[in-house]
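Novice: Sending over a structure as structure tokens; questions will come in a sec.
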Amino acid sequence: MSITNPVAHSDKGCQLWAWNETAGKYKYLVPVRAVPATGAAPSTIEVTEMDSPRKQYIFDRDDTSTMEFDYNYTADKYAACKAVLDGVTENKFLVTYPDGSGVKFEGAGKTWRDAVSTGGEIVGKISVAVLSMDDVDDCSSIVDASTVPAGRVSPFNTNEYTVSFNLNEGTGTAVASMTCASGGYITVPDCDAVLSSDDFNCWNTKADGSGENIAVGSKFYASANVTLYAKY
């Protein structure tokens with residue numbers, strides 16, 4: 001089965017939380033990629049059946065739906081996930097999205113490392129055998145926001161940001177501005193502008209071309225209103 005949140009989510013800004021009995025709220029665990037991890041269908045969390053041998057090895061239980069997540073592997077993130085998941089027969093989790101909505105679920109889980117991934121980086125994997133699940137429209141009252149590390153995307157920011165495109169003295173068809181939710185991305189558009197017989201090459205975060213080059217067709221994540229400048 002699958003659970004589809006009505007809000008279109010990106011594959012950035014999704015966060016996994018684990019229940020903290022002492023605080024009576026969910027404690028930030030790790031930033032995760034929406035499943036499927038590629039972001040090909042970012043509005044859907046896939047809940048699939050594990051194959052029997054693997055399921056029996058990890059969970060030693062009958063057929064159970066699972067929620068699976070990827071996260072960028074670092075030693076501290078892996079240790080944090082392992083501490084929560086290992087040796088616990090049942091736990092409560094919450095995955096939140098950039099707009100503050102989320103899904104609560106209960107179950108037993110495991111984490112492990114996977115070195116086979118896009119770009120060759122090591123990816124951490126989480127699988128949770130789910131016993132129950134509920135959608136949440138607003139997670140602000142059930143999470144401990146103080147546990148979110150500095151610099152992470154807030155799960156409660158519902159701002160929309162505008163990405164504008166400046167032809168940077170070139171001549172051609174104006175490129176319309178685009179909007180995306182906090183923590184979300186746009187797919188960078190093409191441009192037909194020309195400057196002094198030089199064709200458009202890419203976008204850049206600075207007018208003089210000294211900033212970050214942004215390729216056409218790539219994902220650009222916005223955390224504020226921003227202007228991208230044509231580079232020739």
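Labels for the structure tokens follow display order: chains A, B, ..., residues from 1 in each chain, ligands from 1.
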Mind checking which residues fall within 9 Å of Val188 of chain A, counting only C-alpha atoms, ignoring those fewer than 4 positions away in the same chain, and posting them as a PyMOL selection string?

Specialist: chain A and resi 203+214-220

Novice: If we count only C-alpha atoms, what is near segment 136-146 of chain A at a cut-off of 7 Å, once residues fewer than 2 positions away on the same chain are taken out, given as a CSV table (one decimal) with C-alpha atoms, in the first residue's frame?

Specialist:
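Once everything was written out, this is part19.csv:
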chain,number,residue,atom,x,y,z
A,25,LYS,CA,7.3,14.6,22.3
A,26,TYR,CA,9.2,13.4,19.3
A,27,LYS,CA,13.0,14.0,19.3
A,100,GLY,CA,5.0,20.9,8.9
A,101,SER,CA,2.7,18.0,8.1
A,102,GLY,CA,3.8,14.4,8.6
A,103,VAL,CA,3.1,10.8,9.3
A,104,LYS,CA,3.2,9.1,12.7
A,134,ASP,CA,-1.6,8.0,11.0
A,148,VAL,CA,16.8,20.1,15.6
A,156,PHE,CA,7.4,24.3,10.4

Novice: Between A:Val123, A:Val95, A:Leu85, A:Ala150, single out the one closest to Trp17 of chain A, counting only C-alpha atoms.

Specialist: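 Ranking A:Val123, A:Val95, A:Leu85, A:Ala150 by distance to Trp17 of chain A, first place goes to A:Val95.
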
Novice: Can you tell me, as a short mmCIF file (atom, residue, chain, number, x, y, z; two decimals) with C-alpha atoms, in the first residue's frame, what residues are no more than 8 Å from Lys231 of chain A when counting only C-alpha atoms, ignoring any on the same chain fewer than 4 positions away?

Specialist:
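Saved file out-v9.cif follows:
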data_model
loop_
_atom_site.label_atom_id
_atom_site.label_comp_id
_atom_site.auth_asym_id
_atom_site.auth_seq_id
_atom_site.Cartn_x
_atom_site.Cartn_y
_atom_site.Cartn_z
CA ASN A 168 22.26 39.77 -17.21
CA PHE A 200 23.74 31.29 -22.78
CA ASN A 201 25.74 28.68 -20.85
CA CYS A 202 24.16 28.34 -17.39
CA TRP A 203 22.79 30.34 -14.49
CA ASN A 204 24.92 31.76 -11.68
CA GLY A 209 29.60 34.96 -12.64
#

Novice: I'd like to know which of A:Val194, A:Cys14, A:Val130, A:Ala222 is closest to Gly170 of chain A, using only C-alpha atoms.

Specialist: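 That would be A:Val194, the residue with the smallest distance to Gly170 of chain A.
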
Novice: Would you mind telling me which residue in A:Leu94, A:Met67, A:Ala108, A:Ala174 lies nearest to Tyr28 of chain A when using only C-alpha atoms?

Specialist: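 Selected residue with least distance to Tyr28 of chain A: A:Leu94.
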
Novice: Check the smallest atom-to-atom distance from each of A:Tyr97, A:Phe69, A:Tyr185, A:Tyr161 to Val128 of chain A using only C-alpha atoms, then report the winner.

Specialist: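 Using only C-alpha atoms, Val128 of chain A sits closest to A:Phe69.
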
Novice: Which residues are close to Lys110 of chain A, i.e. within 10 Å by only C-alpha atoms, leaving aside same-chain residues fewer than 4 positions away? Reply as a ChimeraX atom specification.

Specialist: /A:58-59,68,81-82,84-88,125-129

Novice: Could you list, as a JSON list (two decimals) with C-alpha atoms, in the first residue's frame, every residue within 8 Å of segment 162-164 of chain A, counting only C-alpha atoms and ignoring same-chain residues fewer than 4 positions away?

Specialist:
[["chain", "number", "residue", "atom", "x", "y", "z"],
["A", 176, "ALA", "CA", 9.44, 33.77, -15.81],
["A", 177, "SER", "CA", 10.11, 33.58, -12.08],
["A", 178, "MET", "CA", 9.28, 30.36, -10.21],
["A", 179, "THR", "CA", 8.19, 29.60, -6.64],
["A", 180, "CYS", "CA", 8.78, 26.69, -4.28],
["A", 222, "ALA", "CA", 15.61, 27.76, -2.28],
["A", 224, "ALA", "CA", 15.06, 32.59, 0.52],
["A", 225, "ASN", "CA", 13.96, 34.77, -2.39],
["A", 226, "VAL", "CA", 16.83, 34.69, -4.87],
["A", 227, "THR", "CA", 17.83, 35.90, -8.34],
["A", 228, "LEU", "CA", 19.85, 33.72, -10.73]]

Novice: Find the spatial neighbours of Tyr73 of chain A, counting only C-alpha atoms, within a cut-off of 9 Å - ignore same-chain residues fewer than 3 positions away - and output them as an MDAnalysis selection string.

Specialist: chainID A and resid 70 76:78 113:114 121:125

Novice: Enter the distance from atom CA of Ala18 of chain A to atom CA of Glu160 of chain A, in Å, rounded to one decimal.

Specialist: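 Separation between atom CA of Ala18 of chain A and atom CA of Glu160 of chain A: 27.8 Å.
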
Novice: Which of segment 61-226 of chain A counts as alpha helix (DSSP H) under DSSP, as an NGL selection string please?

Specialist: :A and (75-85)

Novice: Hey, can you spit out that residue selection with C-alpha atoms as a short mmCIF file (atom, residue, chain, number, x, y, z; two decimals), in the first residue's frame?

Specialist:
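Okay, this is what ended up in again04.cif:
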data_model
loop_
_atom_site.label_atom_id
_atom_site.label_comp_id
_atom_site.auth_asym_id
_atom_site.auth_seq_id
_atom_site.Cartn_x
_atom_site.Cartn_y
_atom_site.Cartn_z
CA ALA A 75 29.28 8.22 11.73
CA ASP A 76 27.25 10.39 14.10
CA LYS A 77 23.98 9.99 12.17
CA TYR A 78 24.48 6.25 11.91
CA ALA A 79 25.24 5.98 15.63
CA ALA A 80 22.15 8.01 16.52
CA CYS A 81 19.87 5.84 14.38
CA LYS A 82 21.48 2.63 15.64
CA ALA A 83 21.04 3.70 19.27
CA VAL A 84 17.32 4.25 18.76
CA LEU A 85 16.60 1.22 16.57
#
